[in-house]
file start_5.txt (compact mmCIF, C-alpha atoms and all ligand atoms)
# COMPACT_ATOMS: atom_id res chain seq x y z
CA MET S 1 149.56 144.43 -38.83
CA ALA S 2 151.99 143.81 -35.95
CA GLU S 3 151.59 141.09 -33.32
CA PRO S 4 150.54 142.29 -29.84
CA TYR S 5 153.69 142.62 -27.73
CA LEU S 6 152.71 144.62 -24.64
CA GLY S 7 151.36 141.57 -22.77
CA ASN S 8 155.00 140.91 -21.88
CA PRO S 9 155.81 142.90 -18.68
CA LYS S 10 159.32 143.63 -19.97
CA HIS S 11 157.85 145.65 -22.83
CA THR S 12 155.43 147.47 -20.54
CA ILE S 13 158.34 148.53 -18.30
CA GLU S 14 160.31 149.71 -21.35
CA VAL S 15 157.39 151.89 -22.52
CA LEU S 16 156.80 153.32 -19.02
CA GLN S 17 160.50 154.18 -18.68
CA LYS S 18 160.82 155.62 -22.19
CA TYR S 19 158.04 158.12 -21.43
CA ASP S 20 158.85 158.51 -17.72
CA PHE S 21 155.17 157.75 -17.07
CA ALA S 22 153.74 158.60 -13.64
CA PHE S 23 150.72 156.49 -12.62
CA GLN S 24 147.67 158.54 -11.64
CA LYS S 25 145.76 156.98 -8.77
CA ARG S 26 142.73 159.22 -9.38
CA PHE S 27 142.24 157.58 -12.80
CA GLY S 28 142.35 154.03 -11.39
CA GLN S 29 145.45 153.14 -13.39
CA ASN S 30 146.42 149.48 -12.95
CA PHE S 31 147.82 148.15 -16.20
CA LEU S 32 147.53 144.49 -17.18
CA ILE S 33 150.85 142.66 -17.49
CA ASP S 34 149.70 139.05 -17.90
CA SER S 35 149.33 137.66 -21.42
CA HIS S 36 147.21 134.68 -20.24
CA VAL S 37 144.61 137.01 -18.74
CA LEU S 38 144.62 139.14 -21.90
CA GLU S 39 144.09 136.07 -24.08
CA LYS S 40 141.27 134.91 -21.80
CA ILE S 41 139.50 138.27 -22.10
CA ILE S 42 139.81 138.25 -25.90
CA ALA S 43 138.55 134.64 -26.11
CA ALA S 44 135.57 135.38 -23.80
CA SER S 45 134.55 138.45 -25.76
CA ASP S 46 134.01 136.36 -28.95
CA ILE S 47 135.40 139.04 -31.23
CA ALA S 48 135.24 138.20 -34.92
CA LYS S 49 137.08 139.85 -37.80
CA GLU S 50 134.00 141.89 -38.81
CA ASP S 51 133.39 143.29 -35.30
CA PHE S 52 133.57 146.84 -34.05
CA VAL S 53 134.90 147.15 -30.48
CA LEU S 54 134.79 150.01 -28.02
CA GLU S 55 137.53 149.95 -25.41
CA ILE S 56 137.22 152.08 -22.29
CA GLY S 57 140.55 153.23 -20.79
CA PRO S 58 143.27 151.73 -23.04
CA GLY S 59 146.15 152.82 -20.72
CA ILE S 60 149.35 152.29 -22.72
CA GLY S 61 147.46 150.18 -25.27
CA THR S 62 148.14 146.66 -23.97
CA MET S 63 144.67 145.18 -24.52
CA THR S 64 144.10 147.53 -27.46
CA GLN S 65 146.81 145.69 -29.41
CA TYR S 66 145.04 142.36 -28.83
CA LEU S 67 141.65 143.86 -29.75
CA ALA S 68 143.08 145.41 -32.93
CA ALA S 69 144.50 142.05 -33.99
CA ALA S 70 141.12 140.36 -33.48
CA ALA S 71 138.56 142.94 -34.69
CA ARG S 72 137.78 145.02 -37.80
CA GLU S 73 137.90 148.34 -35.96
CA VAL S 74 138.59 149.57 -32.42
CA VAL S 75 137.75 152.92 -30.84
CA ALA S 76 139.49 153.47 -27.49
CA VAL S 77 138.50 156.29 -25.13
CA GLU S 78 141.21 157.43 -22.69
CA ILE S 79 140.85 160.32 -20.22
CA ASP S 80 144.54 160.82 -19.36
CA LYS S 81 146.15 163.13 -21.93
CA THR S 82 149.67 162.06 -20.93
CA LEU S 83 148.86 158.60 -22.35
CA ILE S 84 147.93 159.91 -25.80
CA PRO S 85 151.51 160.22 -27.21
CA ILE S 86 152.32 156.81 -25.72
CA LEU S 87 149.27 155.26 -27.44
CA LYS S 88 150.30 156.90 -30.70
CA ASP S 89 153.60 155.05 -30.39
CA THR S 90 152.39 151.63 -29.15
CA LEU S 91 149.50 151.53 -31.65
CA SER S 92 151.43 152.90 -34.65
CA GLU S 93 151.41 149.48 -36.31
CA PHE S 94 147.70 148.89 -35.67
CA PRO S 95 145.95 151.04 -38.29
CA ASN S 96 142.40 149.99 -37.33
CA VAL S 97 142.49 151.81 -33.95
CA THR S 98 141.23 155.33 -33.21
CA VAL S 99 142.02 156.86 -29.82
CA ILE S 100 139.71 159.52 -28.38
CA ASN S 101 141.04 161.64 -25.53
CA ASP S 102 137.94 162.15 -23.38
CA ASP S 103 136.01 161.09 -20.29
CA ILE S 104 133.91 158.05 -21.20
CA LEU S 105 131.04 159.42 -19.10
CA LYS S 106 130.86 162.43 -21.44
CA VAL S 107 131.17 160.57 -24.73
CA ASP S 108 128.09 159.91 -26.90
CA ILE S 109 128.67 156.18 -27.41
CA ALA S 110 125.43 155.68 -29.36
CA LYS S 111 126.75 158.24 -31.86
CA ILE S 112 130.05 156.33 -32.20
CA ALA S 113 128.06 153.13 -32.82
CA ARG S 114 126.00 154.91 -35.50
CA GLU S 115 129.04 156.38 -37.23
CA CYS S 116 131.46 153.45 -36.97
CA ASN S 117 129.12 150.46 -37.01
CA ASP S 118 126.01 151.63 -38.89
CA GLY S 119 124.10 151.57 -35.58
CA ARG S 120 124.58 147.79 -35.23
CA PRO S 121 125.31 146.37 -31.73
CA VAL S 122 128.86 146.96 -30.55
CA LYS S 123 131.12 144.92 -28.28
CA VAL S 124 132.58 146.70 -25.29
CA VAL S 125 135.79 145.38 -23.74
CA ALA S 126 137.61 147.08 -20.88
CA ASN S 127 139.82 146.78 -17.87
CA LEU S 128 137.71 149.38 -16.09
CA PRO S 129 138.83 152.17 -13.80
CA TYR S 130 137.22 150.80 -10.61
CA TYR S 131 136.21 154.19 -9.21
CA ILE S 132 133.50 154.60 -11.87
CA THR S 133 132.50 151.01 -12.71
CA THR S 134 128.80 151.42 -11.83
CA PRO S 135 128.14 154.69 -13.72
CA ILE S 136 129.92 153.31 -16.79
CA ILE S 137 127.85 150.11 -16.83
CA MET S 138 124.57 151.87 -16.07
CA GLY S 139 125.34 154.53 -18.69
CA LEU S 140 125.87 151.85 -21.34
CA PHE S 141 122.58 150.13 -20.50
CA GLU S 142 120.39 153.17 -19.93
CA ASN S 143 121.55 155.44 -22.77
CA GLN S 144 120.17 153.29 -25.57
CA VAL S 145 123.63 152.24 -26.76
CA PRO S 146 123.22 149.32 -29.20
CA LEU S 147 125.12 146.59 -27.34
CA ASP S 148 126.04 143.02 -28.00
CA THR S 149 128.33 142.10 -25.10
CA ILE S 150 130.31 143.90 -22.41
CA THR S 151 133.41 142.00 -21.26
CA ILE S 152 135.04 143.85 -18.42
CA MET S 153 137.56 143.55 -15.64
CA VAL S 154 136.06 144.82 -12.39
CA GLN S 155 136.71 144.53 -8.67
CA LYS S 156 135.91 140.93 -7.62
CA GLU S 157 133.30 142.10 -5.13
CA VAL S 158 131.50 144.10 -7.84
CA ALA S 159 131.46 141.08 -10.17
CA ASP S 160 129.85 139.06 -7.35
CA ARG S 161 127.29 141.82 -6.81
CA MET S 162 126.28 141.73 -10.47
CA LYS S 163 125.63 137.98 -10.40
CA THR S 164 123.97 137.44 -7.06
CA GLY S 165 120.31 137.11 -5.99
CA PRO S 166 118.21 137.51 -2.79
CA GLY S 167 119.78 136.17 0.39
CA SER S 168 123.26 137.54 -0.25
CA LYS S 169 124.65 140.67 1.38
CA ASP S 170 125.99 141.63 -2.06
CA TYR S 171 122.47 141.71 -3.57
CA GLY S 172 121.35 145.22 -4.48
CA ALA S 173 120.32 147.74 -7.13
CA LEU S 174 123.35 146.94 -9.34
CA SER S 175 122.50 143.18 -9.33
CA LEU S 176 118.94 143.88 -10.45
CA ALA S 177 119.89 146.44 -13.10
CA VAL S 178 122.52 144.16 -14.64
CA GLN S 179 120.20 141.13 -14.55
CA TYR S 180 117.36 143.10 -16.16
CA TYR S 181 119.50 144.06 -19.14
CA ALA S 182 121.96 141.19 -19.49
CA ARG S 183 123.05 137.66 -18.65
CA PRO S 184 126.13 137.89 -16.38
CA GLU S 185 128.86 135.27 -16.47
CA ILE S 186 132.16 135.34 -14.55
CA VAL S 187 134.95 134.46 -16.95
CA ALA S 188 138.04 134.58 -14.70
CA ASN S 189 139.27 135.61 -11.27
CA VAL S 190 142.40 137.72 -11.56
CA PRO S 191 144.88 138.21 -8.68
CA PRO S 192 146.62 141.57 -7.98
CA ASN S 193 149.99 140.37 -9.35
CA CYS S 194 148.62 140.47 -12.92
CA PHE S 195 148.66 144.29 -12.79
CA MET S 196 151.19 147.08 -12.50
CA PRO S 197 150.93 148.66 -9.97
CA ARG S 198 149.18 145.92 -7.95
CA PRO S 199 145.66 146.88 -6.82
CA LYS S 200 144.72 146.27 -3.16
CA VAL S 201 141.71 144.15 -4.14
CA GLY S 202 141.12 141.02 -6.21
CA SER S 203 139.61 141.42 -9.68
CA ALA S 204 137.37 139.40 -11.96
CA VAL S 205 136.46 139.42 -15.63
CA ILE S 206 132.70 139.41 -16.14
CA LYS S 207 130.87 139.07 -19.44
CA LEU S 208 127.43 140.65 -19.77
CA THR S 209 125.44 139.46 -22.77
CA ARG S 210 122.63 141.89 -23.52
CA TYR S 211 119.14 140.36 -23.73
CA GLY S 212 117.17 141.03 -26.91
CA LYS S 213 114.13 141.32 -24.63
CA PRO S 214 114.37 141.73 -20.83
CA PRO S 215 113.45 138.61 -18.82
CA VAL S 216 110.50 140.37 -17.09
CA SER S 217 107.83 142.58 -18.53
CA VAL S 218 107.38 145.98 -16.90
CA GLU S 219 105.25 148.91 -18.06
CA ASP S 220 107.43 151.69 -16.65
CA GLU S 221 111.15 150.79 -16.52
CA HIS S 222 112.06 154.13 -14.96
CA LEU S 223 109.57 153.60 -12.11
CA MET S 224 110.88 150.06 -11.51
CA PHE S 225 114.42 151.36 -11.03
CA SER S 226 113.15 154.02 -8.59
CA VAL S 227 111.29 151.29 -6.67
CA ILE S 228 114.48 149.18 -6.61
CA ARG S 229 116.62 152.10 -5.40
CA ALA S 230 114.02 152.91 -2.71
CA SER S 231 113.98 149.30 -1.52
CA PHE S 232 117.73 149.12 -1.02
CA ASN S 233 118.14 152.68 0.21
CA GLN S 234 117.37 151.65 3.77
CA ARG S 235 118.18 147.96 3.87
CA ARG S 236 117.06 147.42 7.46
CA LYS S 237 113.62 148.92 6.84
CA THR S 238 110.56 147.06 5.58
CA LEU S 239 109.67 147.48 1.91
CA VAL S 240 106.57 149.53 2.83
CA ASN S 241 108.64 152.04 4.79
CA GLY S 242 111.43 152.10 2.21
CA LEU S 243 108.96 152.99 -0.55
CA LYS S 244 107.05 155.49 1.60
CA ASN S 245 110.17 157.36 2.77
CA TYR S 246 111.96 157.59 -0.59
CA SER S 247 112.00 161.14 -1.93
CA GLY S 248 111.68 160.07 -5.57
CA LEU S 249 108.35 158.25 -5.04
CA HIS S 250 105.00 159.74 -4.06
CA PHE S 251 102.70 156.81 -3.25
CA THR S 252 100.53 156.74 -0.11
CA LYS S 253 100.93 153.94 2.43
CA GLU S 254 97.52 152.58 1.33
CA GLU S 255 98.57 152.51 -2.34
CA ILE S 256 101.81 150.70 -1.48
CA GLU S 257 100.07 148.17 0.78
CA SER S 258 97.33 147.46 -1.74
CA SER S 259 99.92 146.92 -4.52
CA MET S 260 101.96 144.59 -2.31
CA LYS S 261 98.83 142.64 -1.35
CA ASN S 262 97.95 142.16 -5.04
CA CYS S 263 101.46 140.73 -5.54
CA GLY S 264 101.06 138.35 -2.58
CA LEU S 265 103.84 140.08 -0.63
CA SER S 266 103.86 140.16 3.18
CA MET S 267 103.64 143.63 4.77
CA ASN S 268 106.80 142.81 6.79
CA VAL S 269 108.95 141.87 3.83
CA ARG S 270 112.23 143.70 3.18
CA GLY S 271 113.21 144.83 -0.31
CA GLU S 272 116.30 142.60 -0.25
CA ALA S 273 114.06 139.49 -0.30
CA LEU S 274 112.44 140.36 -3.65
CA GLU S 275 113.51 138.96 -7.00
CA LEU S 276 113.51 140.90 -10.28
CA GLU S 277 110.15 139.30 -11.17
CA ASP S 278 108.62 140.60 -7.87
CA PHE S 279 109.91 144.13 -8.55
CA ALA S 280 108.38 144.05 -12.04
CA ARG S 281 104.97 142.89 -10.72
CA LEU S 282 105.00 145.40 -7.89
CA THR S 283 105.91 148.22 -10.30
CA ASN S 284 103.07 147.24 -12.64
CA GLU S 285 100.64 147.40 -9.66
CA LEU S 286 102.00 150.78 -8.51
CA THR S 287 101.73 152.17 -12.06
CA LYS S 288 97.93 151.97 -11.70
CA PHE S 289 98.12 154.75 -9.07
CA ILE S 290 99.97 157.19 -11.31
CA LYS S 291 97.48 159.75 -12.58
N1 LIG C 1 143.39 148.93 -20.47
C1 LIG C 1 144.63 149.19 -19.77
C2 LIG C 1 145.21 147.89 -19.28
O1 LIG C 1 144.45 146.92 -19.16
O2 LIG C 1 146.40 147.83 -19.01
C3 LIG C 1 144.45 150.19 -18.61
C4 LIG C 1 143.41 149.84 -17.58
S1 LIG C 1 143.36 150.90 -16.17
C5 LIG C 1 142.58 149.85 -14.97
C6 LIG C 1 142.04 152.04 -16.50
C7 LIG C 1 142.29 153.05 -17.60
O3 LIG C 1 141.13 153.88 -17.72
C8 LIG C 1 143.43 154.01 -17.34
O4 LIG C 1 144.20 154.12 -18.50
C9 LIG C 1 142.77 155.35 -17.00
O5 LIG C 1 143.55 156.46 -17.31
C10 LIG C 1 141.50 155.25 -17.83
N2 LIG C 1 140.37 156.05 -17.32
C11 LIG C 1 140.08 156.37 -16.04
N3 LIG C 1 138.95 157.11 -15.97
C12 LIG C 1 138.50 157.23 -17.25
C13 LIG C 1 137.38 157.90 -17.83
N4 LIG C 1 136.50 158.55 -17.07
N5 LIG C 1 137.23 157.85 -19.17
C14 LIG C 1 138.14 157.19 -19.96
N6 LIG C 1 139.22 156.55 -19.46
C15 LIG C 1 139.40 156.56 -18.13
call {"tool": "encode", "arguments": {"input": "start_5.txt", "output": "structure tokens", "more": "lines below"}}
Ligand code: SAM
result
Amino acid sequence: MAEPYLGNPKHTIEVLQKYDFAFQKRFGQNFLIDSHVLEKIIAASDIAKEDFVLEIGPGIGTMTQYLAAAAREVVAVEIDKTLIPILKDTLSEFPNVTVINDDILKVDIAKIARECNDGRPVKVVANLPYYITTPIIMGLFENQVPLDTITIMVQKEVADRMKTGPGSKDYGALSLAVQYYARPEIVANVPPNCFMPRPKVGSAVIKLTRYGKPPVSVEDEHLMFSVIRASFNQRRKTLVNGLKNYSGLHFTKEEIESSMKNCGLSMNVRGEALELEDFARLTNELTKFIK
């Protein structure tokens, strides 16, 4: 197998010129051109020779080459059909890579894991298209995909949101969802000059290690995520009003207040002050009112 060579910006420019490639803003195309960052991502993702890796959005195949050199098998899903002939070229010497031309939000990833990895947990590595970061991450967690780790490049602000707790303006539904399913760890901050073209925002690599068992115990996961969404839907409102006004929930004010009282929560508290543990306890209390 060949050595990865696309981490060198000179080679990226050659490939882009050879194919007269036009960047598509609507697909969030910012290609990595820094070999140190690529090596850091590969090191953080702990890929071993027997691993199966799913890459989301390979672009011209820069990170794919590094993944192919480190793993047993790589499946890369790319939406932009103009990149497919380019990937065929840049990955021609990496026989353990399969490219699928599709929208990752429409792909049955659990099926890929079953077929390519006998249903064992997969590693996901990606320099994500920023316009759909949240649906991609939530889709991976909620669709019963067997997961080991997700090591991804995201907008810096989104990485902060995933890690933070109560008291920060960045704290919200994404923080709680990520922290329910996985342990987040920021691996590197990456400035705009590591990409071509340069994005307007700073980026960060974050590694999410999936918990075998979530850190809190909740009877109805689906209800907890509705309660969380309701609580952050109207940040300036009290938790009671947030829960009462949310269209997806049908509890009376009395049921909400009684549940909050049983959790020792003040009637004036705002949702943004609650930790994951509080949301789990509150959900378990509210579950008692579901007939
Ligand atoms: N991995 C490459 C790199 O690091 O240089 C490219 C990263 S670029 C930020 C994001 C890539 O995701 C682009 O190649 C883009 O075309 C692709 N993409 C965007 N939306 C996608 C989707 N819904 N499904 C699959 N790929 C997508």
call {"tool": "residues_near_ligand", "arguments": {"input": "start_5.txt", "ligand": "ligand LIG 1 (chain C)", "cutoff": "8 Å", "atoms": "all atoms listed in the file", "output": "PyMOL selection string"}}
result
chain S and resi 24+26-33+55-64+77-80+83+101-105+126-132+195
call {"tool": "atom_distance", "arguments": {"input": "start_5.txt", "atom1": "CA of Gly167 (chain S)", "atom2": "CA of Thr287 (chain S)"}}
result
27.1 Å
call {"tool": "closest_atom_pairs", "arguments": {"input": "start_5.txt", "of": "region 67-177 of chain S", "to": "region 202-219 of chain S", "cutoff": "7 Å", "atoms": "all atoms listed in the file", "output": "JSON lines"}}
result
{"residue": "S:Leu147", "atom": "CA", "partner": "S:Arg210", "partner_atom": "CA", "distance": 6.5}
{"residue": "S:Asp148", "atom": "CA", "partner": "S:Arg210", "partner_atom": "CA", "distance": 5.7}
{"residue": "S:Thr149", "atom": "CA", "partner": "S:Thr209", "partner_atom": "CA", "distance": 4.6}
{"residue": "S:Ile150", "atom": "CA", "partner": "S:Leu208", "partner_atom": "CA", "distance": 5.1}
{"residue": "S:Thr151", "atom": "CA", "partner": "S:Lys207", "partner_atom": "CA", "distance": 4.3}
{"residue": "S:Ile152", "atom": "CA", "partner": "S:Val205", "partner_atom": "CA", "distance": 5.4}
{"residue": "S:Met153", "atom": "CA", "partner": "S:Val205", "partner_atom": "CA", "distance": 4.3}
{"residue": "S:Val154", "atom": "CA", "partner": "S:Ala204", "partner_atom": "CA", "distance": 5.6}
{"residue": "S:Gln155", "atom": "CA", "partner": "S:Ser203", "partner_atom": "CA", "distance": 4.4}
{"residue": "S:Lys156", "atom": "CA", "partner": "S:Ser203", "partner_atom": "CA", "distance": 4.3}
{"residue": "S:Ala159", "atom": "CA", "partner": "S:Ile206", "partner_atom": "CA", "distance": 6.3}
call {"tool": "closest_residue", "arguments": {"input": "start_5.txt", "among": "S:Lys25, S:Arg270, S:Lys10, S:Lys291", "to": "Phe251 (chain S)", "atoms": "all atoms listed in the file"}}
result
S:Lys291
call {"tool": "closest_residue", "arguments": {"input": "start_5.txt", "among": "S:Ala70, S:Leu274, S:Ile112, S:Leu265", "to": "Pro4 (chain S)", "atoms": "only C-alpha atoms"}}
result
S:Ala70
call {"tool": "residues_around", "arguments": {"input": "start_5.txt", "residues": "Val227 (chain S)", "least_positions_apart": "6", "cutoff": "9 Å", "atoms": "all atoms listed in the file", "output": "PDB file with C-alpha atoms, in the coordinates of the input"}}
result
ATOM      1  CA  GLY S 242     111.430 152.100   2.210  1.00  0.00           C
ATOM      2  CA  LEU S 243     108.960 152.990  -0.550  1.00  0.00           C
ATOM      3  CA  TYR S 246     111.960 157.590  -0.590  1.00  0.00           C
ATOM      4  CA  GLY S 248     111.680 160.070  -5.570  1.00  0.00           C
ATOM      5  CA  LEU S 249     108.350 158.250  -5.040  1.00  0.00           C
ATOM      6  CA  PHE S 279     109.910 144.130  -8.550  1.00  0.00           C
ATOM      7  CA  LEU S 282     105.000 145.400  -7.890  1.00  0.00           C
ATOM      8  CA  THR S 283     105.910 148.220 -10.300  1.00  0.00           C
TER       9      THR S 283
END
call {"tool": "atom_distance", "arguments": {"input": "start_5.txt", "atom1": "CA of Lys40 (chain S)", "atom2": "CA of Ala68 (chain S)"}}
result
15.4 Å
call {"tool": "closest_residue", "arguments": {"input": "start_5.txt", "among": "S:Leu174, S:Val37, S:Leu16, S:Ala22", "to": "Val190 (chain S)", "atoms": "only C-alpha atoms"}}
result
S:Val37
